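Only one structure is covered here, and it is reproduced in the block below.
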Amino acid sequence: MRSGAKIGIITGVSIVVLAGGGYGAYSLMGGSDSGSGGKPRTVVADPPSADQAASGAKDFLAAWASGDIAKAASLTDDPTAATTALTAFKTQVKPSALTLTPAGPATPQAFASATGTPTPAKPTGAASATPSATGTPGAGDSPSPTPGPTGVLMGFKARAEFEGTSRVWDYNGFLSVVKMSDNTPAVHWAPSVIHPHLSGNETIATQQVFAPPSTVVDRNGKALQGASLTPALMASLQENARKLLPPDPNKDQDAGSAVVITDPSGKTASDKLFTIVEPKPGKPFKVTIDNTLQAAAEKAMTDLGGKQGSIVAIEPSTGQVLAFANAPATGQNRAFTGLLAPGSTMKIVTSTALLEAGLSPDTPVACPEKSSNPVAIPNDFPGAFPDYTLQKDFMVSCNTAFINQGLTSLKPETLAGTAKDVYGIGLEWKTGLPNADGKIPATPGSKDEQAMNYIGQGKVQMNPLAIASVTATVQSGSFKQPVLVAGLPQQQAARQISPDVAAKLRAMMNATAVGGTASQVMAGITDNAGAKTGSAEVQGASTTNSWFTAFRGNLAVAAEVQGGGHGVDAAGPAVASLLKAGH
């Protein structure tokens with residue numbers, strides 16, 4: 001539905017034309033219809049007679065249909081704007097023939113129906129006399145309280161023909177006729193004279209059009225399935241892919257053509273008025289999702305028993321998203337747009353920074369009961385373990401070790417820099433769907449804030465898409481920005497993780513899967529695999545959020561479950577189920 005009256009607000013068969021600067025503010029100079037001596041030709045308050053309105057409409061339509069744009073424009077109250085619009089119609093719509101037949105006085109109801117307005121307009125909001133107006137006062141366009149001139153609403157029948165087709169475009173048009181100071185009629189110019197739907201800065205032209213995809217298919221060409229893959233998300237994905245994918249040289253072969261109204265600002269959707277040539281049937285729209293993994297992801301979310309959560313699976317070698325699911329399935333796409341503290345899964349990034357700072361998995365890093373920052377942070381297990389190494393701290397998820405070593409070995413800005421430069425966090429990914437970029441404070445305001453960053457708490461925010469990508473980067477040794485359609489442009493990280501550091505991280509994650517906090521859910525799937533658990537405290541919540549991420553072969557998965565407890569309690573089984581389904 002097109003909103004807003006286009007040529008004015010109508011009462012009976014007359015319309016009141018409100019002059020933006022008051023009556024008498026608008027006039028025409030010169031031209032063959034001007035008074036003698038170049039006297040300004042102005043719109044007057046009195047309406048034209050019925051005969052004048054009929055002749056004014058007839059003469060204008062005849063000139064326009066014949067292609068005499070100069071004459072047609074001179075028969076309006078704004079020749080300059082009319083010339084521009086009528087020329088654009090001729091050169092951009094490109095009809096091969098145009099027939100315009102007067103239809104006599106029109107009713108407000110007919111006009112309202114043609115423009116898509118829900119009700120006829122009220123008597124006090126007339127067609128604007130300002131050349132640039134759309135026909136109704138806009139924001140900031142306060143009509144003058146002084147009554148303006150009155151016009152008569154007239155209808156006409158339009159028929160446009162086009163080369164190469166027998167199809168003809170028929171539509172009902174409307175224009176209003178006002179009386180000029182030389183006692184001649186003139187068409188009050190507004191964009192809607194061209195077509196009732198046209199307004200403001202919109203353009204009308206013949207454009208290429210394409211048929212919608214016949215179906216959406218997974219990476220294997222099978223009809224896409226999954227409750228979380230809602231029609232709204234898939235429609236958004238198709239539209240974004242159309243904008244982001246590089247031009248297809250063969251695409252024009254499938255195109256049809258249509259007359260389309262377009263808003264250059266992009267604020268309103270395009271309005272296809274008439275199809276000239278039908279496009280060829282749409283081809284299937286292929287996404288990177290794998291139906292088998294998607295089914296496993298959906299089941300994993302259903303098995304949460306009503307808890308909210310999300311999960312993402314990525315192919316590390318390509319960055320292609322193989323599955324994502326949400327609980328509830330039809331709610332927020334929290335897998336991509338959620339932002340929550342990721343807890344100890346963030347220790348993968350912290351470990352990267354520490355290894356790049358010169359530590360190794362065997363470096364002794366004590367695990368005391370409390371951290372050394374001003375507001376001391378404990379572990380979620382009792383005791384102190386002075387003989388632990390960095391790898392052992394990672395395996396048992398020792399908060400205090402990562403905080404103390406981070407404060408000792410890393411600059412405040414290092415963690416955020418590593419996350420961005422190595423893992424692409426904060427590069428504004430274009431996955432094909434809206435996604436929220438992970439957030440890590442670039443310059444922590446205090447030692448306490450810095451400490452919280454190292455263990456994925458405080459102001460650090462992630463989603464399963466981001467954490468799965470981190471794990472995928474560790475597995476492959478190179479950041480590949482996640483995408484949902486093959487061929488979408490992928491952001492490049494500033495640098496690759498070194499092969500040595502990547503190998504050490506994989507070994508630490510494998511040790512965690514075999515004999516650390518992840519071993520319970522990774523039992524039997526530790527070949528060429530690694531994992532990291534996480535539990536994130538939330539202010540005001542009695543139960544932590546459960547996080548878990550893992551890789552196995554060319555598959556990386558991350559999940560979060562709100563109020564799910566420890567990583568192995570809820571998110572862990574969900575991730576493990578996808579790792580098993582992928583082999």
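So you can find residues: chains in the structure tokens are A, B, ... in the order shown, residues in each start at 1, and ligands are numbered from 1 in order.
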*Within 8 Å of A:Val474 using only C-alpha atoms, minus same-chain residues under 3 positions, as a PyMOL selection string*: chain A and resi 470-471+477-478+502+505-506
*Which neighbours of stretch 69-71 of chain A fall inside 8 Å, counting only C-alpha atoms, when residues of the same chain fewer than 6 positions from it are skipped, and could you give them as a ChimeraX atom specification?*
/A:60,63,83,86-87
Expected file contents, prior selection, C-alpha atoms, as a short mmCIF file (atom, residue, chain, number, x, y, z; two decimals), in the first residue's frame:
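The resulting file, result.cif, is shown below:
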```
data_model
loop_
_atom_site.label_atom_id
_atom_site.label_comp_id
_atom_site.auth_asym_id
_atom_site.auth_seq_id
_atom_site.Cartn_x
_atom_site.Cartn_y
_atom_site.Cartn_z
CA PHE A 60 -2.24 18.45 -21.71
CA ALA A 63 0.49 16.96 -25.97
CA THR A 83 9.59 19.01 -18.34
CA LEU A 86 7.90 13.95 -18.51
CA THR A 87 11.32 13.67 -20.14
#
```
*Could you give me, as a VMD selection string, the residues within 9 Å of A:Leu273, counting only C-alpha atoms and dropping anything in the same chain fewer than 2 positions from it?*
chain A and resid 169 197 258 to 261 271 275
Any chance you could export the current selection's N, CA, C and O atoms as a tab-separated table (two decimals), in the first residue's frame?
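again_25.tsv, freshly written:
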```tsv
chain	number	residue	atom	x	y	z
A	169	TRP	N	0.19	-1.87	-20.99
A	169	TRP	CA	0.05	-1.45	-19.59
A	169	TRP	C	-1.08	-0.42	-19.51
A	169	TRP	O	-0.97	0.67	-20.06
A	197	HIS	N	1.01	6.33	-7.97
A	197	HIS	CA	1.90	5.85	-6.91
A	197	HIS	C	3.17	6.67	-6.76
A	197	HIS	O	3.90	6.51	-5.77
A	258	ALA	N	10.42	-4.70	-16.23
A	258	ALA	CA	9.18	-4.20	-15.64
A	258	ALA	C	9.31	-2.71	-15.40
A	258	ALA	O	10.42	-2.16	-15.30
A	259	VAL	N	8.16	-2.05	-15.31
A	259	VAL	CA	8.13	-0.64	-14.91
A	259	VAL	C	8.10	-0.62	-13.39
A	259	VAL	O	7.20	-1.21	-12.76
A	260	VAL	N	9.07	0.06	-12.81
A	260	VAL	CA	9.27	0.01	-11.35
A	260	VAL	C	9.44	1.41	-10.80
A	260	VAL	O	10.16	2.23	-11.39
A	261	ILE	N	8.79	1.68	-9.68
A	261	ILE	CA	9.03	2.92	-8.92
A	261	ILE	C	10.06	2.60	-7.85
A	261	ILE	O	9.92	1.61	-7.11
A	271	ASP	N	8.38	-0.56	-6.04
A	271	ASP	CA	6.98	-0.82	-6.38
A	271	ASP	C	6.92	-1.21	-7.85
A	271	ASP	O	7.05	-0.37	-8.74
A	275	THR	N	4.77	-5.69	-15.44
A	275	THR	CA	5.79	-6.56	-16.01
A	275	THR	C	5.69	-6.54	-17.53
A	275	THR	O	4.66	-6.91	-18.09
```
Report as a tab-separated table (two decimals) with N, CA and C atoms, in the first residue's frame all protein, DNA and RNA residues lying within 9 Å of A:Met452, evaluated on only C-alpha atoms, omitting residues in the same chain fewer than 6 positions from it.
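Output contents, as saved in part.tsv:
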```tsv
chain	number	residue	atom	x	y	z
A	377	ILE	N	39.35	-12.31	42.43
A	377	ILE	CA	38.38	-13.22	41.82
A	377	ILE	C	38.81	-14.65	42.13
A	403	ILE	N	44.19	-14.66	34.94
A	403	ILE	CA	44.17	-13.25	35.35
A	403	ILE	C	45.56	-12.78	35.74
A	458	GLY	N	32.79	-9.46	32.67
A	458	GLY	CA	32.79	-8.00	32.60
A	458	GLY	C	32.12	-7.49	31.35
A	459	LYS	N	32.84	-6.68	30.57
A	459	LYS	CA	32.27	-6.04	29.39
A	459	LYS	C	32.52	-6.82	28.09
A	460	VAL	N	33.13	-7.99	28.20
A	460	VAL	CA	33.33	-8.82	27.02
A	460	VAL	C	31.99	-9.44	26.62
```
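With only C-alpha atoms as the basis for measurement, A:Ser228 is the residue among A:Thr512, A:Ser228, A:Ser351, A:Thr443 that approaches A:Thr302 most closely.
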